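Colleague: My file is run-v8.txt. It has compact mmCIF, C-alpha atoms:
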# COMPACT_ATOMS: atom_id res chain seq x y z
CA MET R 1204 82.51 21.64 37.13
CA ALA R 1205 81.62 20.82 40.67
CA GLN R 1206 78.81 22.77 42.18
CA ASP R 1207 78.47 23.54 45.86
CA GLU R 1208 76.05 20.69 46.51
CA THR R 1209 78.44 18.10 45.05
CA VAL R 1210 81.51 19.28 46.95
CA LYS R 1211 82.34 16.87 49.71
CA SER R 1212 85.28 18.47 51.46
CA THR R 1213 85.39 22.12 52.33
CA ILE R 1214 88.24 24.16 53.75
CA ALA R 1215 86.53 27.22 55.21
CA SER R 1216 87.82 30.75 54.86
CA ASP R 1217 89.11 30.94 58.43
CA ILE R 1218 91.33 27.87 58.05
CA GLU R 1219 94.99 28.08 57.18
CA ILE R 1220 96.86 24.91 56.26
CA VAL R 1221 100.59 24.51 55.97
CA GLY R 1222 101.21 21.19 54.27
CA SER R 1223 99.90 19.07 51.49
CA ILE R 1224 96.34 18.01 50.90
CA GLN R 1225 95.41 14.78 49.20
CA CYS R 1226 91.78 14.33 48.42
CA ALA R 1227 90.01 11.43 46.76
CA SER R 1228 86.80 13.33 46.08
CA ASP R 1229 85.78 16.87 45.25
CA ILE R 1230 87.02 19.72 47.37
CA ARG R 1231 86.27 23.39 47.88
CA LEU R 1232 88.96 25.62 49.26
CA ASP R 1233 88.10 29.01 50.73
CA GLY R 1234 90.96 29.31 53.21
CA LYS R 1235 94.70 29.52 52.84
CA LEU R 1236 96.90 26.68 51.75
CA GLU R 1237 100.66 26.69 51.77
CA GLY R 1238 101.47 23.42 50.08
CA ASP R 1239 100.38 21.15 47.29
CA LEU R 1240 96.89 19.95 46.57
CA THR R 1241 96.33 16.63 44.88
CA CYS R 1242 92.76 15.81 44.13
CA LYS R 1243 91.23 12.97 42.15
CA GLY R 1244 87.97 14.87 41.78
CA SER R 1245 87.28 18.44 40.93
CA ALA R 1246 88.39 21.40 43.01
CA VAL R 1247 87.01 24.87 43.55
CA ILE R 1248 89.32 27.62 44.71
CA GLY R 1249 86.98 30.22 46.18
CA ASP R 1250 87.17 34.00 46.09
CA SER R 1251 88.82 34.26 49.47
CA ALA R 1252 91.25 31.40 48.95
CA ALA R 1253 94.99 31.83 48.66
CA VAL R 1254 97.15 28.93 47.58
CA LYS R 1255 100.91 28.77 47.45
CA GLY R 1256 101.74 25.45 45.91
CA ASN R 1257 101.10 23.18 43.01
CA LEU R 1258 97.65 21.90 42.23
CA SER R 1259 97.01 18.59 40.53
CA VAL R 1260 93.35 17.85 39.97
CA GLU R 1261 90.85 16.31 37.61
CA SER R 1262 89.24 19.66 36.92
CA ILE R 1263 89.41 22.97 38.72
CA SER R 1264 87.61 26.28 38.95
CA ILE R 1265 89.71 29.14 40.27
CA MET R 1266 88.23 32.30 41.68
CA GLY R 1267 90.89 33.19 44.22
CA GLU R 1268 94.65 33.60 44.26
CA VAL R 1269 97.00 30.81 43.27
CA THR R 1270 100.78 30.94 43.18
CA GLY R 1271 101.98 27.69 41.70
CA ASN R 1272 101.52 25.35 38.81
CA VAL R 1273 98.11 23.97 38.01
CA THR R 1274 97.73 20.65 36.25
CA ALA R 1275 94.29 19.35 35.38
CA ARG R 1276 93.55 16.13 33.63
CA ASP R 1277 90.36 17.56 32.20
CA ARG R 1278 89.71 21.29 32.43
CA ILE R 1279 90.68 24.52 34.10
CA GLU R 1280 88.29 27.41 34.58
CA LEU R 1281 89.70 30.80 35.45
CA LYS R 1282 86.90 33.01 36.69
CA SER R 1283 87.03 36.77 36.46
CA THR R 1284 88.36 37.21 39.99
CA ALA R 1285 91.17 34.68 39.61
CA ARG R 1286 94.79 35.68 40.10
CA LEU R 1287 97.16 32.99 38.96
CA THR R 1288 100.94 33.08 38.90
CA GLY R 1289 102.29 29.85 37.54
CA ASP R 1290 102.05 27.45 34.67
CA ILE R 1291 98.90 25.65 33.65
CA ARG R 1292 98.42 22.41 31.81
CA ALA R 1293 95.05 20.99 30.88
CA LYS R 1294 93.02 19.50 28.09
CA ARG R 1295 90.46 22.29 28.14
CA LEU R 1296 90.62 25.85 29.36
CA THR R 1297 88.11 28.60 29.95
CA VAL R 1298 89.25 32.08 30.86
CA GLU R 1299 86.94 34.93 31.74
CA ASP R 1300 87.72 38.57 31.24
CA GLY R 1301 89.31 40.16 34.30
CA VAL R 1302 91.70 37.35 35.11
CA THR R 1303 95.28 38.08 36.12
CA PHE R 1304 97.51 35.32 34.83
CA VAL R 1305 101.28 35.25 34.54
CA GLY R 1306 102.81 31.98 33.40
CA LYS R 1307 102.95 29.42 30.68
CA SER R 1308 99.99 27.63 29.27
CA GLU R 1309 99.78 24.22 27.67
CA VAL R 1310 96.24 23.70 26.50
CA ASN R 1311 95.48 21.74 23.40
CA PRO R 1312 91.84 20.72 23.07
CA SER R 1313 92.49 18.62 19.97
CA GLY R 1314 94.94 16.51 21.91
CA ALA R 1315 97.58 16.58 19.19
CA ARG R 1316 101.04 17.26 20.50
CA GLN R 1317 102.59 20.38 19.11
CA GLY R 1318 106.33 20.41 19.23
CA PRO R 1319 109.34 21.38 17.20
CA SER R 1320 108.68 18.41 14.96
CA SER R 1321 105.19 19.55 14.07
CA PRO R 1322 104.62 20.43 10.44
CA PRO R 1323 105.20 24.06 9.52
CA SER R 1324 102.27 26.38 9.38
CA GLY R 1325 100.63 26.86 6.06
CA THR R 1326 101.13 30.58 6.05
CA GLU R 1327 104.18 32.52 6.91
CA ASP R 1328 104.87 36.13 6.38
CA GLN R 1329 108.15 36.56 4.65
CA PRO R 1330 110.80 39.02 5.74
CA ASP R 1331 110.76 42.29 3.90
CA ARG R 1332 112.45 42.27 0.56
CA GLU R 1333 114.95 44.82 -0.49
CA PRO R 1334 113.77 47.54 -2.89
CA GLY R 1335 114.29 46.40 -6.43
CA GLN R 1336 114.08 42.77 -5.47
CA LYS R 1337 110.51 42.50 -6.57
CA GLU R 1338 109.34 39.84 -8.87
CA GLN R 1339 109.72 40.05 -12.62
CA ASP R 1340 106.17 39.37 -13.62
CA ARG R 1341 104.84 42.52 -12.12
CA GLY R 1342 102.09 44.17 -14.08
CA LYS R 1343 99.97 47.19 -13.53
CA GLY R 1344 96.27 47.31 -13.77
CA GLY R 1345 93.19 46.23 -12.02
CA SER R 1346 92.61 43.00 -13.81
CA GLY R 1347 90.97 41.46 -10.86
CA ARG R 1348 89.15 44.38 -9.44
CA LYS R 1349 85.42 44.32 -9.48
CA MET I 430 32.40 73.51 22.86
CA PRO I 431 32.84 76.65 20.79
CA HIS I 432 35.91 78.74 21.17
CA PRO I 433 35.25 81.86 23.32
CA LYS I 434 36.60 84.18 20.63
CA ASN I 435 35.63 82.28 17.50
CA PRO I 436 32.37 80.32 17.76
CA ASN I 437 33.22 78.30 14.65
CA VAL I 438 36.20 76.71 16.34
CA ILE I 439 35.70 73.89 18.82
CA ASP I 440 38.31 73.90 21.54
CA GLY I 441 39.16 70.37 22.53
CA LEU I 442 40.52 71.21 25.97
CA ALA I 443 37.47 73.32 26.82
CA SER I 444 35.24 70.43 25.72
CA ILE I 445 37.00 68.04 28.06
CA ARG I 446 36.75 70.47 30.93
CA ALA I 447 33.06 70.97 30.29
CA ALA I 448 32.42 67.24 30.20
CA ARG I 449 34.29 66.75 33.46
CA ARG I 450 32.39 69.60 35.10
CA ALA I 451 29.10 68.15 33.95
CA GLY I 452 30.04 64.81 35.47
CA GLU I 453 30.92 66.38 38.81
CA THR I 454 27.79 68.52 39.11
CA GLY I 455 25.37 65.87 37.93
CA HIS I 456 24.20 67.73 34.87
CA GLY I 457 25.42 65.06 32.56
CA ARG I 458 25.73 61.30 32.67
CA LYS I 459 28.63 60.45 34.89
CA LEU I 460 31.09 57.96 33.53
CA LYS I 461 31.28 54.84 35.62
CA THR I 462 34.77 53.53 36.21
CA ARG I 463 35.83 50.28 37.73
CA PRO I 464 39.27 48.85 38.40
CA SER I 465 40.71 46.54 35.81
CA GLN I 466 40.38 42.82 36.55
CA THR I 467 43.85 42.07 35.29
CA ARG I 468 46.61 43.95 37.00
CA LEU I 469 49.32 45.02 34.65
CA PRO I 470 52.93 44.57 35.79
CA ASP I 471 54.91 47.56 36.84
CA ALA I 472 56.74 49.27 34.06
CA ASP I 473 60.21 48.49 35.38
CA THR I 474 59.44 44.95 36.50
CA PRO I 475 59.79 42.26 33.84
CA PRO I 476 57.09 39.58 33.93
CA GLU I 477 57.77 36.32 35.71
CA GLY I 478 59.89 33.86 33.79
CA SER I 479 60.83 36.47 31.24
CA GLU I 480 64.45 37.35 30.63
CA ARG I 481 63.64 40.66 29.03
CA THR I 482 65.57 43.44 30.62
CA ILE I 483 65.34 47.17 30.38
CA ALA I 484 68.30 47.12 28.06
CA SER I 485 66.56 44.73 25.69
CA ARG I 486 63.52 46.98 25.58
CA ILE I 487 65.70 49.95 24.82
CA GLY I 488 67.51 47.95 22.16
CA SER I 489 64.25 47.26 20.39
CA THR I 490 63.69 50.92 19.65
CA ALA I 491 64.79 52.20 16.29
CA VAL I 492 68.21 53.77 16.77
CA PRO I 493 69.99 54.94 13.65
CA PRO I 494 73.18 52.99 13.00
CA ARG I 495 76.40 54.55 14.14
CA HIS I 496 79.41 54.59 11.84
CA ASP I 497 82.89 55.26 13.17
CA LEU I 498 84.76 56.66 10.22
CA LEU I 499 88.39 57.51 9.76
CA CYS I 500 89.44 59.98 7.12
CA TYR I 501 92.16 58.40 5.03
CA GLU I 502 93.55 61.80 4.04
CA CYS I 503 94.06 63.47 7.41
CA GLY I 504 93.49 60.59 9.82
CA TYR I 505 90.64 62.34 11.63
CA ALA I 506 88.18 59.99 13.32
CA PHE I 507 84.54 61.00 13.36
CA VAL I 508 81.11 59.51 13.83
CA VAL I 509 78.22 59.52 11.39
CA ARG I 510 74.77 58.36 12.38
CA GLY I 511 72.17 56.99 10.03
CA ARG I 512 72.69 56.19 6.39
CA ILE I 513 75.90 57.34 4.79
CA GLN I 514 75.61 58.68 1.29
CA LYS I 515 78.56 60.92 0.48
CA PRO I 516 80.70 61.31 3.55
CA ILE I 517 82.88 64.36 3.87
CA CYS I 518 85.60 64.69 6.44
CA PRO I 519 84.62 67.46 8.86
CA LYS I 520 88.26 68.38 9.35
CA CYS I 521 89.87 68.45 5.93
CA HIS I 522 86.57 68.63 3.97
CA CYS I 523 87.64 66.03 1.46
CA SER I 524 85.06 63.75 -0.05
CA LEU I 525 85.59 60.16 1.03
CA ALA I 526 85.03 57.10 -1.08
CA MET I 527 83.10 54.39 0.69
CA ASP I 528 83.15 51.55 -1.78
CA ASP I 529 83.54 47.94 -0.75
CA LEU I 530 86.07 46.35 -3.07
CA CYS I 531 87.10 42.82 -3.88
CA ILE I 532 90.48 42.20 -5.47
CA ARG I 533 90.94 39.04 -7.47
CA GLY I 534 94.05 38.36 -9.47
CA GLU I 535 97.00 40.68 -9.74
CA TRP I 536 96.62 44.28 -8.70
CA ALA I 537 98.97 47.22 -8.76
CA GLY I 538 97.55 50.54 -7.81
CA ASP I 539 96.27 52.68 -5.00
CA VAL I 540 92.97 52.07 -3.29
CA LYS I 541 91.46 54.47 -0.79
CA THR I 542 88.13 53.82 0.79
CA ILE I 543 86.41 53.99 4.13
CA GLY I 544 84.66 50.76 3.27
CA SER I 545 86.13 47.29 3.31
CA VAL I 546 88.50 45.62 0.91
CA GLU I 547 88.78 41.90 0.38
CA ILE I 548 91.77 40.29 -1.26
CA THR I 549 90.80 36.79 -2.28
CA THR I 550 93.02 33.74 -2.26
CA ASP I 551 94.08 34.31 -5.85
CA GLY I 552 94.51 38.04 -5.26
CA ARG I 553 98.02 39.43 -5.30
CA ILE I 554 99.13 42.97 -4.58
CA THR I 555 102.28 43.75 -6.49
CA GLU I 556 102.53 47.48 -5.98
CA GLY I 557 100.75 50.47 -4.56
CA SER I 558 98.87 50.97 -1.37
CA ILE I 559 95.52 49.97 0.05
CA VAL I 560 93.86 52.21 2.58
CA ALA I 561 90.63 50.87 3.98
CA ARG I 562 88.63 50.62 7.14
CA ASP I 563 88.53 46.81 7.15
CA LEU I 564 90.68 44.49 5.13
CA VAL I 565 90.06 40.81 4.60
CA LEU I 566 93.30 39.31 3.43
CA GLU I 567 93.18 35.85 1.97
CA GLY I 568 95.85 36.29 -0.66
CA ASP I 569 99.29 37.77 -1.03
CA ALA I 570 99.77 41.45 -0.22
CA ARG I 571 103.50 41.51 0.31
CA GLY I 572 104.09 43.88 -2.57
CA GLY I 573 101.87 46.67 -1.33
CA ARG I 574 101.43 48.96 1.61
CA LEU I 575 98.39 48.28 3.75
CA ARG I 576 96.85 50.88 6.02
CA VAL I 577 93.82 49.46 7.78
CA GLY I 578 91.85 51.83 9.92
CA ARG I 579 90.08 49.24 11.96
CA ARG I 580 90.44 45.52 11.49
CA LEU I 581 92.71 43.27 9.52
CA GLU I 582 91.38 39.75 8.97
CA LEU I 583 93.84 37.09 7.97
CA GLY I 584 92.69 34.05 6.08
CA ALA I 585 94.26 30.74 5.27
CA ARG I 586 96.71 31.96 2.62
CA ALA I 587 97.30 35.47 3.87
CA ARG I 588 100.70 37.01 3.41
CA TYR I 589 101.72 40.55 4.10
CA SER I 590 104.76 42.61 4.82
CA PRO I 591 104.69 43.63 8.48
CA ARG I 592 106.81 46.72 7.93
CA GLN I 593 104.37 48.08 5.40
CA THR I 594 101.20 47.24 7.26
CA THR I 595 99.38 49.14 9.96
CA PHE I 596 96.15 48.10 11.62
CA ARG I 597 94.34 48.37 14.93
CA ASP I 598 92.50 45.10 15.42
CA MET I 599 93.35 41.70 14.08
CA ARG I 600 91.24 38.63 13.47
CA ILE I 601 92.47 35.21 12.52
CA ARG I 602 89.73 33.60 10.48
CA PRO I 603 88.56 30.04 11.07
CA GLY I 604 90.76 27.51 9.32
CA ALA I 605 93.71 29.87 8.97
CA ARG I 606 97.15 28.77 10.13
CA ILE I 607 99.24 31.89 10.51
CA THR I 608 102.83 32.11 11.61
CA LEU I 609 104.13 35.62 12.18
CA ARG I 610 107.82 35.93 12.78
CA HIS I 611 107.67 39.55 13.82
CA LYS I 612 106.21 40.83 17.05
CA VAL I 613 102.56 41.70 16.61
CA SER I 614 101.14 44.75 18.35
CA CYS I 615 97.46 45.53 18.10
CA ARG I 616 94.51 46.71 20.08
CA ASN I 617 92.15 43.74 20.02
CA LEU I 618 92.80 40.25 18.76
CA ASP I 619 90.24 37.60 17.87
CA ILE I 620 91.58 34.14 17.17
CA GLU I 621 89.38 31.62 15.44
CA GLY I 622 92.15 29.84 13.55
CA ARG I 623 95.67 28.96 14.55
CA LEU I 624 98.16 31.73 15.26
CA LYS I 625 101.79 31.30 16.11
CA ALA I 626 103.28 34.63 17.12
CA SER I 627 104.49 36.87 19.87
CA VAL I 628 101.58 39.18 20.54
CA THR I 629 101.20 42.36 22.56
CA CYS I 630 97.68 43.72 22.82
CA GLU I 631 96.33 46.86 24.41
CA GLY I 632 92.80 45.55 24.68
CA MET I 633 91.07 42.22 24.59
CA VAL I 634 92.34 38.91 23.29
CA ARG I 635 89.60 36.42 22.51
CA ILE I 636 90.37 32.85 21.67
CA LYS I 637 87.24 31.31 20.25
CA ALA I 638 86.42 27.63 20.10
CA GLY I 639 88.74 26.08 17.54
CA GLY I 640 91.26 28.90 17.84
CA VAL I 641 94.78 28.25 19.08
CA LEU I 642 97.47 30.68 20.09
CA GLU I 643 101.08 29.58 20.28
CA GLY I 644 104.02 31.73 21.26
CA ALA I 645 103.82 34.61 23.70
CA LEU I 646 101.03 36.89 24.80
CA HIS I 647 100.98 40.08 26.80
CA ALA I 648 97.57 41.67 27.18
CA PRO I 649 95.42 43.22 29.88
CA HIS I 650 92.36 41.13 29.04
CA LEU I 651 92.05 37.56 27.91
CA GLU I 652 89.02 35.42 27.16
CA VAL I 653 89.31 31.80 26.18
CA GLU I 654 86.20 29.99 25.10
CA GLU I 655 85.65 26.34 25.76
CA GLY I 656 87.54 24.56 23.01
CA GLY I 657 90.14 27.26 22.54
CA GLY I 658 93.81 26.29 22.74
CA LEU I 659 96.61 28.19 24.38
CA ARG I 660 100.20 27.12 24.27
CA ALA I 661 102.11 30.20 25.16
CA THR I 662 103.98 32.24 27.68
CA ILE I 663 101.29 34.47 29.04
CA LYS I 664 101.16 37.70 30.94
CA VAL I 665 97.61 38.83 31.42
CA GLN I 666 97.56 41.90 33.57
CA PRO I 667 97.20 45.62 33.00
CA HIS I 668 100.10 47.24 31.25
CA ASP I 669 102.50 49.13 33.45
CA PRO I 670 101.79 52.86 33.45
CA PRO I 671 104.36 54.88 31.53
Rewrite the coordinates I just gave you, this time as structure tokens.
Modeller:
Amino acid sequence: MAQDETVKSTIASDIEIVGSIQCASDIRLDGKLEGDLTCKGSAVIGDSAAVKGNLSVESISIMGEVTGNVTARDRIELKSTARLTGDIRAKRLTVEDGVTFVGKSEVNPSGARQGPSSPPSGTEDQPDREPGQKEQDRGKGGSGRK
Amino acid sequence: MPHPKNPNVIDGLASIRAARRAGETGHGRKLKTRPSQTRLPDADTPPEGSERTIASRIGSTAVPPRHDLLCYECGYAFVVRGRIQKPICPKCHCSLAMDDLCIRGEWAGDVKTIGSVEITTDGRITEGSIVARDLVLEGDARGGRLRVGRRLELGARARYSPRQTTFRDMRIRPGARITLRHKVSCRNLDIEGRLKASVTCEGMVRIKAGGVLEGALHAPHLEVEEGGGLRATIKVQPHDPP
């Protein structure tokens, strides 16, 4: 994840932008953004930042407030102060305790697509059986107990 | 220095006082003191480059282990420190069994213990009830009633009847692929395998590396480690007050 020294563009905390941002390099956002952010590098949403819009980045670290969908080609980090309302999609995800997050998540580190056509899980709990519907080969005793 | 009342007894404190007095008045040889060449660090300041904290120093002291026990007869929760030998419930005064059991093969009967019970992959509960503090379920327990005081661990081939099972914490073991059709409610949930369910937790949900949660999640606290998967509808915020 981008550190402060590698961030090239910075939106300071006293800046408010209404509109979209397109950035070819890394960006740090501490101000307010009402619009979409598209970034080919990594993005840092600071503690004081507030974003209303969709974010599409390579990787992102969120510490502030985001209302919108977040799509990362690599990874999303939700720090403990993050407040996110929206859907997320990424290859990797890290969530710290204390996060507020309401939305859908699509994170699959293995990369395999999971859909309705995916094979059924190996274990399923069966619905409760009716009394008296138990199996015939029941036997009492602790044959297997140590 | 003899004791003032009993000359056969040497009083240590009086001896020290006498020695100090002799040093001050010049009657005896005065002890020469000089400051230490190496200055010791302050007690509360860890040495440079060391990550030792006060907490780690405290943790190194010998503290007797703490056991949170739950009486399986009356449901009273109590704490025992140190080694447990024959625990007795302080409320109902019944003697509690604390055996750790392993069930292999078919089993029909009642088990009550404040220890842990493991049902192996070839274990099968056909009847009766199992009351334990921790239960590791790798086999089939659909025929029995399970009352787990603390944590239920589900393995790769775990099967249980949700209507006959109560537990507080749940852990999905590594390699397990669990699909639960009913709504799961628990206090804490640790996921190291794959779980497909609709989950409501009162405490912490931890998705470890290699763990995947699919379905729905409502919990006040969520931690996802690097490598954990999450494909769900999520609501992570404190529960609404009643």
Colleague: Residues at most 7 Å from range 578-581 of chain I, counting all atoms listed in the file, excluding those fewer than 5 positions away in the same chain, as a count of residues only?
Modeller: 11
Colleague: Go ahead and compute the interatomic distance for CA of Arg592 in chain I and CA of Arg610 in chain I, in Å to one decimal.
Modeller: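 Computing the Euclidean distance for CA of Arg592 in chain I and CA of Arg610 in chain I yields 11.9 Å.
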Colleague: Mind checking which residues fall within 8 Å of Ile554 in chain I, counting all atoms listed in the file, ignoring those fewer than 4 positions away in the same chain, and posting them as a PyMOL selection string?
Modeller: chain I and resi 535-537+569-573
Colleague: Using only C-alpha atoms, please write the residues we just selected to a file, as an mmCIF file, keeping the file's coordinate frame.
Modeller:
data_model
loop_
_atom_site.group_PDB
_atom_site.id
_atom_site.type_symbol
_atom_site.label_atom_id
_atom_site.label_comp_id
_atom_site.auth_asym_id
_atom_site.auth_seq_id
_atom_site.Cartn_x
_atom_site.Cartn_y
_atom_site.Cartn_z
ATOM 1 C CA GLU I 535 97.000 40.680 -9.740
ATOM 2 C CA TRP I 536 96.620 44.280 -8.700
ATOM 3 C CA ALA I 537 98.970 47.220 -8.760
ATOM 4 C CA ASP I 569 99.290 37.770 -1.030
ATOM 5 C CA ALA I 570 99.770 41.450 -0.220
ATOM 6 C CA ARG I 571 103.500 41.510 0.310
ATOM 7 C CA GLY I 572 104.090 43.880 -2.570
ATOM 8 C CA GLY I 573 101.870 46.670 -1.330
#
Colleague: Can you work out which residues from chain I touch chain R at a cut-off of 7 Å (counting all atoms listed in the file) and hand them back as a VMD selection string?
Modeller: chain I and resid 530 to 538 555 585 to 590 606 to 609 650 to 666
Colleague: Can you tell me which residues surround Glu621 in chain I at a distance of at most 8 Å, considering all atoms listed in the file, apart from same-chain residues fewer than 4 positions away, and format the answer as a PyMOL selection string?
Modeller: chain I and resi 600-605+636-641
Colleague: Provide the CA of Ser1262 in chain R to CA of Cys630 in chain I distance in Å, to one decimal place.
Modeller: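 We find that CA of Ser1262 in chain R and CA of Cys630 in chain I lie 29.1 Å from each other.
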Colleague: Determine the axis-aligned bounding box of all atoms of range 642-651 of chain I present in the file, pad each side by 4 Å, and express its centre and edge lengths in Å to one decimal place as AutoDock Vina command-line options.
Modeller:
--center_x 98.0 --center_y 36.4 --center_z 25.0 --size_x 20.0 --size_y 21.6 --size_z 17.8
Colleague: Env of Leu1232 in chain R: 7 Å cut, atoms = all atoms listed in the file, seq-sep filter 5 positions within chain, self excluded. Answer as a list in words.
Modeller: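 That gives Thr1213, Ile1214, Ala1215, Val1247, Ile1248, Gly1249 and Ala1252 of chain R.
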Colleague: So what do you get for CA of Lys1243 in chain R versus CA of Gly1267 in chain R, distance-wise?
Modeller: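 Interatomic distance, CA of Lys1243 in chain R to CA of Gly1267 in chain R: 20.3 Å.
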Colleague: Pull the neighbourhood of (97.5, 20.1, 39.6) for me: all residues within 10 Å in file coordinates, counting all atoms listed in the file, as a list in words.
Modeller: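 All residues meeting the 10 Å criterion around (97.5, 20.1, 39.6) are Asp1239, Leu1240, Thr1241, Cys1242, Lys1243, Ala1246, Gly1256, Asn1257, Leu1258, Ser1259, Val1260, Glu1261, Ser1262, Ile1263, Gly1271, Asn1272, Val1273, Thr1274, Ala1275, Arg1276, Ile1279, Asp1290, Ile1291, Arg1292 and Ala1293 of chain R.
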Colleague: Hey, can you pull every residue with an atom no more than 10 Å from (84.3, 57.5, 9.2), using only C-alpha atoms, and send it as an mmCIF file with C-alpha atoms, keeping the file's coordinate frame?
Modeller:
data_model
loop_
_atom_site.group_PDB
_atom_site.id
_atom_site.type_symbol
_atom_site.label_atom_id
_atom_site.label_comp_id
_atom_site.auth_asym_id
_atom_site.auth_seq_id
_atom_site.Cartn_x
_atom_site.Cartn_y
_atom_site.Cartn_z
ATOM 1 C CA ARG I 495 76.400 54.550 14.140
ATOM 2 C CA HIS I 496 79.410 54.590 11.840
ATOM 3 C CA ASP I 497 82.890 55.260 13.170
ATOM 4 C CA LEU I 498 84.760 56.660 10.220
ATOM 5 C CA LEU I 499 88.390 57.510 9.760
ATOM 6 C CA CYS I 500 89.440 59.980 7.120
ATOM 7 C CA TYR I 501 92.160 58.400 5.030
ATOM 8 C CA GLY I 504 93.490 60.590 9.820
ATOM 9 C CA TYR I 505 90.640 62.340 11.630
ATOM 10 C CA ALA I 506 88.180 59.990 13.320
ATOM 11 C CA PHE I 507 84.540 61.000 13.360
ATOM 12 C CA VAL I 508 81.110 59.510 13.830
ATOM 13 C CA VAL I 509 78.220 59.520 11.390
ATOM 14 C CA ILE I 513 75.900 57.340 4.790
ATOM 15 C CA PRO I 516 80.700 61.310 3.550
ATOM 16 C CA ILE I 517 82.880 64.360 3.870
ATOM 17 C CA CYS I 518 85.600 64.690 6.440
ATOM 18 C CA PRO I 519 84.620 67.460 8.860
ATOM 19 C CA LEU I 525 85.590 60.160 1.030
ATOM 20 C CA MET I 527 83.100 54.390 0.690
ATOM 21 C CA THR I 542 88.130 53.820 0.790
ATOM 22 C CA ILE I 543 86.410 53.990 4.130
ATOM 23 C CA GLY I 544 84.660 50.760 3.270
ATOM 24 C CA ARG I 562 88.630 50.620 7.140
ATOM 25 C CA GLY I 578 91.850 51.830 9.920
#
Colleague: Neighbouring residues of Arg574 in chain I were defined as those with any atom within 8 Å, considering only C-alpha atoms; residues of the same chain fewer than 5 positions away were excluded. Please report them as a ChimeraX atom specification.
Modeller: /I:556-559,590,593-594
Colleague: For Val628 in chain I, which residue out of I:Lys515, I:Val560, I:Arg616, I:Ala645 is the nearest one, using all atoms listed in the file?
Modeller: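 Of the candidates, the smallest distance to Val628 in chain I is held by I:Ala645.
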Colleague: I'd like to know which of R:Glu1219, R:Lys1211, R:Ala1285, R:Arg1231 is closest to Thr1270 in chain R, using only C-alpha atoms.
Modeller: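 Result for the nearest residue to Thr1270 in chain R: R:Ala1285.
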